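Chemist: Dropping in protein-v8.txt, which is compact mmCIF, C-alpha atoms:
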# COMPACT_ATOMS: atom_id res chain seq x y z
CA MET B 20 30.17 17.97 -6.99
CA PRO B 21 28.30 14.81 -5.96
CA LEU B 22 26.43 12.83 -8.58
CA ILE B 23 23.08 13.29 -6.81
CA SER B 24 22.08 16.12 -4.48
CA TYR B 25 19.09 16.45 -2.16
CA ALA B 26 17.22 19.08 -0.23
CA GLN B 27 18.20 18.92 3.43
CA ASN B 28 14.99 17.78 5.11
CA ARG B 29 13.40 14.55 6.31
CA GLU B 30 13.27 13.23 2.77
CA ASP B 31 17.08 13.36 2.54
CA VAL B 32 17.63 10.07 4.33
CA LEU B 33 14.62 8.55 2.60
CA LEU B 34 15.94 9.32 -0.86
CA ASN B 35 19.41 7.99 -0.08
CA ARG B 36 18.02 4.76 1.29
CA ALA B 37 15.41 4.43 -1.43
CA LEU B 38 18.11 4.64 -4.06
CA SER B 39 20.15 1.95 -2.29
CA GLY B 40 17.12 -0.29 -1.74
CA GLN B 41 17.30 -0.24 2.07
CA PRO B 42 13.97 -0.08 3.89
CA ARG B 43 13.67 2.26 6.85
CA GLY B 44 12.46 0.61 10.02
CA PHE B 45 8.83 1.20 11.00
CA TYR B 46 6.52 -0.26 13.53
CA ILE B 47 4.91 -3.08 11.58
CA ASP B 48 8.39 -4.64 11.07
CA VAL B 49 8.92 -5.80 14.64
CA GLY B 50 8.52 -9.16 16.37
CA ALA B 51 8.14 -11.92 13.78
CA ASN B 52 8.35 -9.28 11.03
CA ASP B 53 11.76 -7.95 12.10
CA PRO B 54 14.11 -7.52 9.11
CA SER B 55 16.80 -9.56 10.89
CA GLY B 56 14.70 -12.63 10.13
CA TRP B 57 13.91 -11.83 6.51
CA ALA B 58 15.02 -14.14 3.73
CA TRP B 59 16.16 -11.09 1.76
CA GLY B 60 16.16 -7.32 2.15
CA GLY B 61 17.19 -7.33 5.80
CA THR B 62 20.85 -8.30 6.02
CA ALA B 63 20.89 -9.23 2.31
CA THR B 64 19.78 -5.98 0.69
CA PRO B 65 19.47 -5.96 -3.12
CA ASP B 66 20.80 -3.01 -5.10
CA VAL B 67 18.62 -3.63 -8.16
CA MET B 68 15.24 -5.24 -8.66
CA LEU B 69 14.66 -6.96 -12.00
CA ALA B 70 10.99 -7.72 -12.69
CA LEU B 71 10.28 -10.02 -15.64
CA PHE B 72 6.95 -9.83 -17.48
CA ALA B 73 6.21 -12.25 -20.32
CA ALA B 74 3.30 -13.75 -22.22
CA PRO B 75 2.17 -17.20 -20.95
CA GLY B 76 4.87 -19.75 -21.69
CA GLY B 77 7.52 -17.15 -22.50
CA LEU B 78 9.07 -16.46 -19.10
CA SER B 79 11.85 -19.06 -19.31
CA ALA B 80 13.05 -17.79 -22.67
CA LEU B 81 12.97 -14.18 -21.47
CA ARG B 82 14.93 -15.06 -18.37
CA ALA B 83 17.51 -16.97 -20.40
CA SER B 84 18.01 -14.04 -22.76
CA LEU B 85 18.58 -11.61 -19.88
CA THR B 86 20.92 -13.83 -17.88
CA ALA B 87 23.12 -14.79 -20.81
CA ALA B 88 26.89 -14.34 -20.96
CA GLY B 89 28.11 -11.48 -18.79
CA PHE B 90 25.21 -11.44 -16.32
CA ASP B 91 27.07 -13.31 -13.58
CA ALA B 92 30.04 -10.96 -13.96
CA GLY B 93 27.92 -7.98 -13.00
CA PHE B 94 25.24 -9.39 -10.70
CA ALA B 95 24.80 -11.77 -7.79
CA ILE B 96 21.22 -12.91 -7.25
CA VAL B 97 20.01 -12.14 -3.71
CA ALA B 98 16.55 -13.68 -4.15
CA ASP B 99 14.72 -15.31 -7.03
CA LEU B 100 10.97 -14.91 -6.46
CA ALA B 101 8.47 -16.89 -8.50
CA THR B 102 4.76 -16.16 -8.85
CA THR B 103 1.58 -18.24 -9.13
CA ASP B 104 -1.58 -17.42 -11.05
CA MET B 105 -4.44 -17.74 -8.56
CA LYS B 106 -6.97 -16.36 -11.05
CA GLY B 107 -7.33 -12.88 -9.61
CA ALA B 108 -7.50 -13.91 -5.94
CA GLU B 109 -4.91 -13.61 -3.20
CA PRO B 110 -4.11 -16.74 -1.08
CA PHE B 111 -6.86 -16.12 1.50
CA GLY B 112 -9.32 -16.42 -1.38
CA PHE B 113 -10.43 -12.80 -1.89
CA ALA B 114 -10.44 -10.92 -5.19
CA ASP B 115 -7.38 -8.69 -5.20
CA GLY B 116 -6.27 -5.36 -6.66
CA ILE B 117 -9.72 -3.76 -6.59
CA SER B 118 -9.33 -0.29 -5.09
CA GLN B 119 -6.86 1.79 -7.08
CA PRO B 120 -6.59 5.57 -7.42
CA GLU B 121 -6.72 7.35 -10.76
CA PHE B 122 -4.30 10.14 -11.56
CA ASP B 123 -5.04 13.57 -13.01
CA PHE B 124 -2.28 13.67 -15.60
CA ALA B 125 -4.22 16.29 -17.57
CA GLY B 126 -4.50 18.63 -14.58
CA THR B 127 -8.30 18.88 -14.65
CA ARG B 128 -8.71 19.62 -10.93
CA THR B 129 -7.15 22.01 -8.42
CA PRO B 130 -6.21 20.35 -5.11
CA GLY B 131 -7.34 22.17 -1.97
CA THR B 132 -10.53 23.69 -3.39
CA ASP B 133 -14.10 23.15 -2.17
CA ALA B 134 -14.44 20.24 -4.59
CA ASP B 135 -11.91 18.36 -2.48
CA LEU B 136 -13.89 18.47 0.78
CA GLY B 137 -15.47 15.13 -0.08
CA TYR B 138 -13.76 11.87 -0.91
CA GLY B 139 -12.63 11.46 -4.51
CA ASN B 140 -10.59 8.88 -6.36
CA LEU B 141 -8.75 11.20 -8.77
CA LEU B 142 -5.35 12.31 -7.44
CA ALA B 143 -2.76 14.85 -8.51
CA ALA B 144 -0.08 13.33 -10.73
CA GLY B 145 2.60 14.21 -8.18
CA GLU B 146 1.26 11.57 -5.79
CA LEU B 147 2.64 9.00 -8.22
CA LEU B 148 5.25 10.73 -10.39
CA LEU B 149 8.21 12.77 -9.20
CA GLY B 150 8.61 16.22 -10.69
CA HIS B 151 4.85 16.92 -10.78
CA ARG B 152 2.66 18.78 -8.28
CA ASP B 153 1.13 16.67 -5.54
CA GLU B 154 -2.03 17.05 -3.43
CA TYR B 155 -0.35 19.85 -1.47
CA GLY B 156 0.29 21.71 -4.73
CA GLN B 157 4.02 21.18 -4.31
CA ILE B 158 6.75 19.25 -6.08
CA ILE B 159 8.31 16.79 -3.67
CA ASP B 160 12.09 16.48 -3.21
CA ARG B 161 13.67 14.23 -5.79
CA PRO B 162 17.17 13.27 -7.01
CA LEU B 163 18.93 16.01 -9.01
CA VAL B 164 22.24 15.80 -10.86
CA ASP B 165 25.13 18.01 -11.86
CA PRO B 166 24.36 19.51 -15.30
CA ALA B 167 28.01 19.00 -16.29
CA LEU B 168 27.73 15.22 -16.18
CA PRO B 169 27.74 13.43 -19.56
CA GLY B 170 24.18 13.03 -20.81
CA ALA B 171 22.68 15.35 -18.17
CA ALA B 172 21.66 17.85 -20.86
CA ASP B 173 18.93 15.42 -21.93
CA LEU B 174 17.29 15.61 -18.50
CA PRO B 175 14.72 18.31 -17.57
CA VAL B 176 16.06 21.50 -15.96
CA ALA B 177 15.38 21.78 -12.22
CA ASP B 178 15.96 24.42 -9.54
CA GLY B 179 19.36 26.07 -9.45
CA GLY B 180 20.26 24.87 -12.92
CA ARG B 181 20.55 21.25 -11.83
CA ARG B 182 19.03 18.48 -13.93
CA ASP B 183 16.04 16.49 -12.80
CA LEU B 184 16.82 12.78 -12.55
CA GLY B 185 13.55 12.08 -10.78
CA ARG B 186 10.98 13.55 -13.16
CA ASN B 187 8.43 10.98 -14.33
CA GLY B 188 10.01 8.43 -12.02
CA SER B 189 8.61 7.03 -8.80
CA TYR B 190 9.53 4.99 -5.74
CA LEU B 191 8.69 1.30 -5.71
CA VAL B 192 8.04 -0.62 -2.50
CA PHE B 193 8.36 -4.40 -2.67
CA ARG B 194 7.29 -6.68 0.21
CA GLN B 195 7.16 -10.46 0.35
CA LEU B 196 4.20 -11.31 2.60
CA GLU B 197 3.75 -14.93 3.68
CA GLN B 198 0.13 -15.77 4.50
CA ASP B 199 -1.02 -18.36 7.02
CA VAL B 200 -3.98 -19.58 4.99
CA ALA B 201 -4.83 -22.48 7.30
CA GLY B 202 -4.56 -20.29 10.40
CA PHE B 203 -6.79 -17.60 8.90
CA TRP B 204 -9.61 -19.94 7.94
CA ARG B 205 -9.33 -22.10 11.08
CA PHE B 206 -9.71 -18.93 13.17
CA ALA B 207 -12.78 -17.92 11.18
CA ALA B 208 -14.29 -21.41 11.52
CA ALA B 209 -13.56 -21.58 15.26
CA ASN B 210 -15.45 -18.33 15.84
CA ALA B 211 -18.49 -19.15 13.73
CA ALA B 212 -21.25 -21.76 14.01
CA THR B 213 -21.27 -22.78 10.34
CA PRO B 214 -18.96 -22.69 7.32
CA ALA B 215 -21.14 -19.91 5.91
CA GLY B 216 -20.68 -18.00 9.17
CA ALA B 217 -16.92 -18.46 8.90
CA VAL B 218 -16.96 -16.91 5.43
CA ALA B 219 -19.09 -14.02 6.72
CA LEU B 220 -16.62 -13.40 9.56
CA ALA B 221 -13.67 -13.48 7.16
CA GLU B 222 -15.49 -11.04 4.88
CA SER B 223 -16.11 -8.68 7.80
CA MET B 224 -12.38 -8.73 8.60
CA VAL B 225 -11.52 -7.86 5.00
CA GLY B 226 -14.46 -5.49 4.47
CA ARG B 227 -15.43 -7.06 1.14
CA ARG B 228 -17.09 -10.21 -0.11
CA ARG B 229 -14.79 -12.89 -1.46
CA SER B 230 -15.95 -11.76 -4.90
CA GLY B 231 -14.56 -8.27 -4.20
CA ASP B 232 -17.96 -6.62 -3.76
CA ALA B 233 -18.08 -4.10 -0.91
CA LEU B 234 -20.18 -4.73 2.21
CA LEU B 235 -21.76 -1.32 1.57
CA PRO B 236 -23.89 -0.55 -1.50
CA ALA B 237 -22.45 1.71 -4.16
CA SER B 238 -25.04 4.38 -3.40
CA ALA B 239 -24.00 4.69 0.24
CA GLY B 240 -21.82 7.78 -0.10
CA ARG B 241 -21.12 10.95 -2.04
CA VAL B 242 -18.18 9.92 -4.17
CA ARG B 243 -16.60 12.16 -6.78
CA ARG B 244 -14.32 11.29 -9.62
CA VAL B 245 -14.81 7.53 -9.64
CA ALA B 246 -15.00 6.00 -13.13
CA ALA B 247 -18.44 4.62 -14.02
CA ALA B 248 -17.08 1.11 -14.57
CA ASP B 249 -15.59 1.17 -11.07
CA LEU B 250 -18.71 2.34 -9.23
CA PRO B 251 -20.12 -1.10 -8.28
CA ARG B 252 -17.03 -1.91 -6.19
CA ASN B 253 -15.62 1.50 -5.30
CA GLY B 254 -18.49 3.98 -5.54
CA PHE B 255 -18.98 4.28 -1.80
CA THR B 256 -17.68 5.96 1.33
CA PHE B 257 -18.18 4.93 4.95
CA ASP B 258 -20.37 7.95 5.76
CA ALA B 259 -23.56 5.89 5.75
CA ASP B 260 -22.06 3.35 8.17
CA PRO B 261 -20.41 5.56 10.83
CA ASP B 262 -20.64 2.93 13.59
CA GLY B 263 -19.41 -0.01 11.51
CA ALA B 264 -22.71 -1.90 11.58
CA ARG B 265 -22.24 -3.22 8.05
CA CYS B 266 -18.49 -2.88 7.55
CA PRO B 267 -16.62 -3.05 10.90
CA LEU B 268 -14.57 0.00 11.88
CA GLY B 269 -11.43 -2.12 12.01
CA ALA B 270 -11.94 -3.93 8.69
CA HIS B 271 -8.91 -4.05 6.43
CA ILE B 272 -10.39 -1.89 3.68
CA ARG B 273 -11.29 0.86 6.19
CA ARG B 274 -7.73 0.95 7.48
CA ALA B 275 -6.00 0.71 4.10
CA ASN B 276 -8.20 3.48 2.62
CA PRO B 277 -10.59 5.23 5.05
CA ARG B 278 -12.18 7.14 2.13
CA THR B 279 -12.19 10.37 4.10
CA GLY B 280 -12.35 13.87 2.65
CA ASP B 281 -10.83 17.05 3.99
CA MET B 282 -14.04 17.63 5.93
CA PRO B 283 -15.51 14.72 7.94
CA GLY B 284 -18.76 13.66 6.37
CA GLY B 285 -17.92 15.24 3.02
CA VAL B 286 -19.42 18.40 1.57
CA GLN B 287 -22.14 19.92 3.77
CA GLY B 288 -23.53 23.36 4.58
CA ALA B 289 -21.42 26.22 5.92
CA PHE B 290 -23.04 26.04 9.37
CA SER B 291 -22.39 22.30 9.69
CA GLN B 292 -18.80 22.74 8.57
CA GLY B 293 -18.25 25.52 11.09
CA VAL B 294 -19.68 23.47 13.94
CA ARG B 295 -17.41 20.57 13.15
CA MET B 296 -14.33 22.74 12.60
CA LEU B 297 -14.84 24.16 16.10
CA GLY B 298 -15.10 20.67 17.56
CA PHE B 299 -18.77 20.71 18.53
CA GLY B 300 -19.99 18.03 16.16
CA GLY B 301 -21.99 15.25 17.74
CA ASP B 302 -22.30 13.08 14.66
CA GLY B 303 -19.04 11.16 14.95
CA SER B 304 -17.01 13.86 13.20
CA LEU B 305 -14.60 14.21 16.13
CA ARG B 306 -13.75 10.54 15.81
CA GLU B 307 -13.39 10.88 12.06
CA ASP B 308 -11.02 13.82 12.54
CA ALA B 309 -8.55 11.30 13.96
CA VAL B 310 -8.32 9.71 10.52
CA ALA B 311 -6.25 11.73 8.07
CA SER B 312 -7.61 12.78 4.70
CA SER B 313 -7.16 9.79 2.39
CA ARG B 314 -6.00 11.74 -0.64
CA PHE B 315 -2.63 12.53 0.95
CA HIS B 316 -1.83 8.86 1.56
CA ARG B 317 -2.95 6.83 -1.45
CA ILE B 318 -0.67 4.41 -3.29
CA LEU B 319 -0.84 2.62 -6.63
CA ARG B 320 -0.75 -1.04 -5.67
CA ARG B 321 0.00 -4.22 -7.55
CA GLY B 322 0.24 -7.73 -6.15
CA ARG B 323 1.60 -11.00 -7.44
CA GLU B 324 0.61 -14.11 -5.50
CA TYR B 325 3.03 -16.98 -5.00
CA GLY B 326 3.00 -20.53 -3.64
CA THR B 327 0.22 -23.12 -3.67
CA TRP B 328 -3.47 -22.29 -3.83
CA THR B 329 -5.55 -23.86 -1.03
CA PRO B 330 -9.34 -23.37 -1.27
CA PRO B 331 -10.85 -21.83 1.88
CA GLU B 332 -13.14 -24.81 2.42
CA GLN B 333 -10.13 -27.12 2.41
CA ALA B 334 -8.12 -24.81 4.67
CA MET B 335 -10.93 -24.76 7.27
CA ALA B 336 -10.86 -28.54 7.49
CA LEU B 337 -7.11 -28.86 8.14
CA PRO B 338 -6.38 -30.27 11.61
CA ALA B 339 -4.91 -27.98 14.27
CA GLY B 340 -1.17 -27.75 13.92
CA THR B 341 -1.31 -28.57 10.22
CA GLY B 342 -0.38 -25.78 7.88
CA ALA B 343 -1.45 -25.27 4.29
CA PRO B 344 1.28 -25.30 1.62
CA ALA B 345 3.34 -22.10 1.63
CA ALA B 346 1.66 -19.16 -0.11
CA GLY B 347 1.68 -15.41 0.00
CA LEU B 348 1.73 -12.16 -1.88
CA HIS B 349 4.50 -10.17 -3.48
CA PHE B 350 3.20 -6.70 -2.59
CA ILE B 351 4.30 -3.91 -4.95
CA CYS B 352 3.30 -0.26 -4.75
CA LEU B 353 4.33 3.00 -6.38
CA ASN B 354 4.31 6.38 -4.63
CA ALA B 355 6.17 9.68 -4.73
CA SER B 356 6.79 9.81 -0.97
CA ILE B 357 7.42 6.50 0.77
CA ALA B 358 7.21 8.18 4.18
CA ARG B 359 3.93 10.06 3.61
CA GLN B 360 2.20 7.36 1.59
CA PHE B 361 3.27 3.74 2.10
CA GLU B 362 4.82 4.09 5.58
CA PHE B 363 1.97 6.28 6.83
CA ILE B 364 -0.56 3.64 5.82
CA GLN B 365 1.48 0.93 7.50
CA ASN B 366 2.04 2.81 10.75
CA ALA B 367 -0.91 5.15 11.33
CA TRP B 368 -3.67 3.05 9.81
CA LEU B 369 -2.68 -0.64 9.80
CA ALA B 370 -0.45 -1.11 12.84
CA SER B 371 -1.90 1.36 15.34
CA ALA B 372 -4.40 0.29 17.97
CA LYS B 373 -5.70 3.88 18.04
CA PHE B 374 -7.08 3.97 14.51
CA ASP B 375 -10.46 5.74 14.24
CA ALA B 376 -10.60 6.16 18.04
CA MET B 377 -10.62 2.40 18.59
CA SER B 378 -8.29 0.57 20.96
CA GLY B 379 -7.03 -2.96 21.37
CA GLU B 380 -6.91 -3.96 17.73
CA ALA B 381 -4.73 -3.53 14.67
CA ASP B 382 -5.40 -4.51 11.07
CA PRO B 383 -7.06 -7.96 11.16
CA LEU B 384 -5.04 -9.19 8.19
CA LEU B 385 -1.64 -7.46 8.39
CA GLY B 386 -1.36 -6.67 12.10
CA ASN B 387 1.74 -8.05 13.81
CA ARG B 388 -0.12 -8.33 17.17
CA GLU B 389 2.70 -6.54 19.00
CA PRO B 390 1.56 -3.92 21.59
CA PHE B 391 1.33 -0.42 20.03
CA PRO B 392 1.38 2.34 21.09
CA ALA B 393 2.62 2.43 24.72
CA GLY B 394 1.69 -1.14 25.54
CA GLN B 395 -1.73 -1.14 23.87
CA ARG B 396 -2.83 -4.63 22.89
CA THR B 397 -3.51 -5.10 19.17
CA ASP B 398 -4.94 -8.64 18.97
CA GLY B 399 -8.65 -7.85 19.04
CA PHE B 400 -11.26 -7.50 16.33
CA GLY B 401 -14.63 -6.23 17.51
CA ARG B 402 -15.73 -8.66 20.23
CA LEU B 403 -13.05 -11.21 19.33
CA CYS B 404 -9.83 -11.54 21.31
CA ALA B 405 -6.48 -13.24 20.77
CA VAL B 406 -6.56 -12.84 16.99
CA PRO B 407 -3.42 -14.60 15.67
CA ARG B 408 -0.92 -13.14 13.25
CA PHE B 409 -1.93 -14.20 9.76
CA VAL B 410 0.74 -12.46 7.65
CA THR B 411 4.51 -12.45 8.17
CA VAL B 412 6.98 -10.27 6.27
CA ARG B 413 9.68 -12.42 4.65
CA GLY B 414 11.51 -9.74 2.67
CA GLY B 415 11.31 -6.20 1.41
CA GLY B 416 13.06 -3.29 -0.22
CA TYR B 417 12.66 0.27 -1.49
CA PHE B 418 13.70 1.09 -5.05
CA PHE B 419 13.97 4.17 -7.23
CA LEU B 420 12.04 3.58 -10.45
CA PRO B 421 13.44 6.02 -13.04
CA GLY B 422 11.59 7.53 -15.97
CA LEU B 423 12.78 6.73 -19.49
CA ARG B 424 15.09 9.74 -19.82
CA ALA B 425 16.60 9.06 -16.41
CA LEU B 426 17.07 5.41 -17.33
CA ARG B 427 18.95 6.38 -20.49
CA PHE B 428 21.12 8.77 -18.46
CA ILE B 429 21.96 6.07 -15.89
CA ALA B 430 22.74 3.57 -18.63
CA GLY B 431 25.07 6.11 -20.22
CA LEU B 432 27.02 6.52 -16.97
CA THR B 433 27.47 2.78 -16.53
CA GLY B 434 27.78 1.74 -20.15
Can you present the structure in this file as structure tokens?
Modeler:
Amino acid sequence: MPLISYAQNREDVLLNRALSGQPRGFYIDVGANDPSGWAWGGTATPDVMLALFAAPGGLSALRASLTAAGFDAGFAIVADLATTDMKGAEPFGFADGISQPEFDFAGTRTPGTDADLGYGNLLAAGELLLGHRDEYGQIIDRPLVDPALPGAADLPVADGGRRDLGRNGSYLVFRQLEQDVAGFWRFAAANAATPAGAVALAESMVGRRRSGDALLPASAGRVRRVAAADLPRNGFTFDADPDGARCPLGAHIRRANPRTGDMPGGVQGAFSQGVRMLGFGGDGSLREDAVASSRFHRILRRGREYGTWTPPEQAMALPAGTGAPAAGLHFICLNASIARQFEFIQNAWLASAKFDAMSGEADPLLGNREPFPAGQRTDGFGRLCAVPRFVTVRGGGYFFLPGLRALRFIAGLTG
């Protein structure tokens, strides 16, 4: 019997490749982002990712202790990625890591009920952890092992008597994103009359102030299950700004998390819901129906910036053809279904020119500017044309992140 078995569906290939660290191809990884040009993760695919976390000043000692005698006999380093502390900002100069979901580990809500018609920030545990019920009320496919294997008895029992290697684990997506800081701020300055106007344009592309504050007030939407401390920055939906007058329809934060509920416009009366379900709504709901419910596609995201910090004011003043020192973001996210969560966001929301019934533009930050779909141009943003590519993928991989019991089981097999 094989070590790991899978259900035979579309997740089969995903799980195999996730365990081996090989990314599946998807639309945003074309053109300059094609894996054939990556520094790592394309033709040089890592089998294991080792992330080192240490107190300030302790990283070198930690690294030395882990790469002592015997390390070279078992491992060959594919890429060694350093980080830089940019004081809570990513290289373009915006506060980072603001919008994060919370997870209902205690099971206080029931997905699919009337309470879920509006946007909420509390998700079922199975959107993050394998072996738990997700927003569909199901347990997603996960790696299972032969119960006869040594140490398997310590793993939870799964269907058919097999043992659950996945429970309390997750899938980790790692992407090295190089950012053209000079190009971003030169573009903003070239399309604005003043430096302040350039900052305002950049903020409209992101959808937040450089400080991280939203362009919409916290009171501008019916938001459920958002922690009180998080309300100033995340206590809003886009319902009060349906035409993008304050936060453009194509802004990065709208694409990365449209904040939609199962019913466009959130919880309303039975008559209004019926009208919109039949397709007769005249309030923008038909357009909103083109954007999938956010709660099925959220990810837990972490980022680690790297390279040299260049202040926006300095980047704006760089002469044409002069680049800022190399900088970017090591993007990390956790999700239970790479296809339904991370890849959906990348393809359906960030890369597509058809997002929210728009055409001619992709994500203003992460768009690759390649035509998609069917020859549609993607280099616009509102009234602006020929928006350059500001972010280039330099490496990436998918990894299985085991829970503690699974980690002990794996160590026992290889020890």
Chemist: Taking all atoms listed in the file into account, name the residue in B:Val218, B:Leu100, B:Leu319, B:Leu163 that is nearest to Leu196 of chain B.
Modeler: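 Residue with the minimum atom-to-atom distance to Leu196 of chain B: B:Leu100.
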Chemist: Between B:Pro251, B:Pro75, B:Pro407, B:Pro214, which residue has the minimum interatomic distance to Leu385 of chain B, considering only C-alpha atoms?
Modeler: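 The closest residue to Leu385 of chain B is B:Pro407.
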Chemist: Give, as AutoDock Vina command-line options, the centre coordinates and the x, y and z edge lengths in Å to one decimal for an axis-aligned box around all listed atoms of segment 188-193 of chain B, padded by 5 Å on each side.
Modeler:
--center_x 9.0 --center_y 2.0 --center_z -7.3 --size_x 12.0 --size_y 22.8 --size_z 19.5
Chemist: Find the distance between atom CA of Ala98 of chain B and atom CA of Gly322 of chain B and write it in Å to one decimal.
Modeler: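 Those two atoms sit 17.5 Å apart.
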Chemist: Kindly give the distance, in Å, that separates atom CA of Ser189 of chain B and atom CA of Ala425 of chain B, rounded to a single decimal.
Modeler: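 These atoms are spaced 11.2 Å apart.
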Chemist: Using 12 Å as the limit and counting all atoms listed in the file, can you tabulate each residue of segment 41-148 of chain B that touches segment 254-258 of chain B, with its shortest atom-to-atom distance in Å and the two atoms involved, as a tab-separated table?
Modeler:
residue	atom	partner	partner_atom	distance
B:Ile117	CA	B:Gly254	CA	11.7
B:Ser118	CA	B:Gly254	CA	10.1
B:Gln119	CA	B:Gly254	CA	11.9
B:Gly137	CA	B:Thr256	CA	9.5
B:Tyr138	CA	B:Thr256	CA	7.4
B:Gly139	CA	B:Thr256	CA	9.5
B:Asn140	CA	B:Gly254	CA	9.3
Chemist: Hey, can you pull every residue with an atom no more than 12 Å from (3.4, 10.7, -6.2), using only C-alpha atoms, and send it as a PyMOL selection string?
Modeler: chain B and resi 120-124+142-161+185-191+314-319+352-361+420
Chemist: Determine, counting all atoms listed in the file, which protein, DNA and RNA residues have an atom within 10 Å of an atom of Gly112 of chain B; residues of the same chain fewer than 4 positions away are not included. Present the result as a JSON list (two decimals) with C-alpha atoms, in the frame of the given file.
Modeler:
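Saved to result_33.json:
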[["chain", "number", "residue", "atom", "x", "y", "z"],
["B", 105, "MET", "CA", -4.44, -17.74, -8.56],
["B", 106, "LYS", "CA", -6.97, -16.36, -11.05],
["B", 107, "GLY", "CA", -7.33, -12.88, -9.61],
["B", 108, "ALA", "CA", -7.50, -13.91, -5.94],
["B", 200, "VAL", "CA", -3.98, -19.58, 4.99],
["B", 204, "TRP", "CA", -9.61, -19.94, 7.94],
["B", 229, "ARG", "CA", -14.79, -12.89, -1.46],
["B", 230, "SER", "CA", -15.95, -11.76, -4.90],
["B", 328, "TRP", "CA", -3.47, -22.29, -3.83],
["B", 329, "THR", "CA", -5.55, -23.86, -1.03],
["B", 330, "PRO", "CA", -9.34, -23.37, -1.27],
["B", 331, "PRO", "CA", -10.85, -21.83, 1.88],
["B", 332, "GLU", "CA", -13.14, -24.81, 2.42]]
Chemist: Give me, as a PyMOL selection string, all polymer residues having an atom no more than 12 Å from Val164 of chain B, counting all atoms listed in the file and skipping those fewer than 2 positions away in the same chain.
Modeler: chain B and resi 20-25+161-162+166-186+425+428-429
Chemist: Considering only C-alpha atoms, state which residue in the set B:Cys266, B:Ala201, B:Thr129, B:Ala101 is at the smallest distance from Gln333 of chain B.
Modeler: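 The closest residue to Gln333 of chain B is B:Ala201.
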Chemist: One decimal, Å: what's the distance from atom CA of Leu337 of chain B over to atom CA of Arg205 of chain B, could you say?
Modeler: 7.7 Å
Chemist: Check the smallest atom-to-atom distance from each of B:Leu384, B:Ala311, B:Ala393, B:Ala92 to Val410 of chain B using only C-alpha atoms, then report the winner.
Modeler: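 Going through B:Leu384, B:Ala311, B:Ala393, B:Ala92 one by one, the smallest distance to Val410 of chain B is for B:Leu384.
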Chemist: Please provide as a PyMOL selection string all residues within 10 Å of Ala208 of chain B, with the sequence filter that same-chain residues fewer than 5 positions apart are discarded (counting all atoms listed in the file).
Modeler: chain B and resi 202-203+213-218+220-221+332+334-336
Chemist: Which is closer to Phe391 of chain B than all the others in B:Gly226, B:Gly50, B:Gly342, B:Gly76, using only C-alpha atoms?
Modeler: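 Answer, going by the shortest atom-to-atom distance: B:Gly50.
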Chemist: Rank B:Asp249, B:Asp281, B:Asp165, B:Asp375 by their smallest atom-to-atom distance to Asp262 of chain B, using all atoms listed in the file, and report the top residue only.
Modeler: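 With all atoms listed in the file as the atom set, the closest residue is B:Asp375.
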Chemist: Identify, on the basis of only C-alpha atoms, every residue whose closest approach to Glu380 of chain B does not exceed 12 Å; exclude the query and any residue fewer than 2 positions from it along the same chain; express the result as a PyMOL selection string.
Modeler: chain B and resi 224+267-271+274+368-378+382-392+394-408
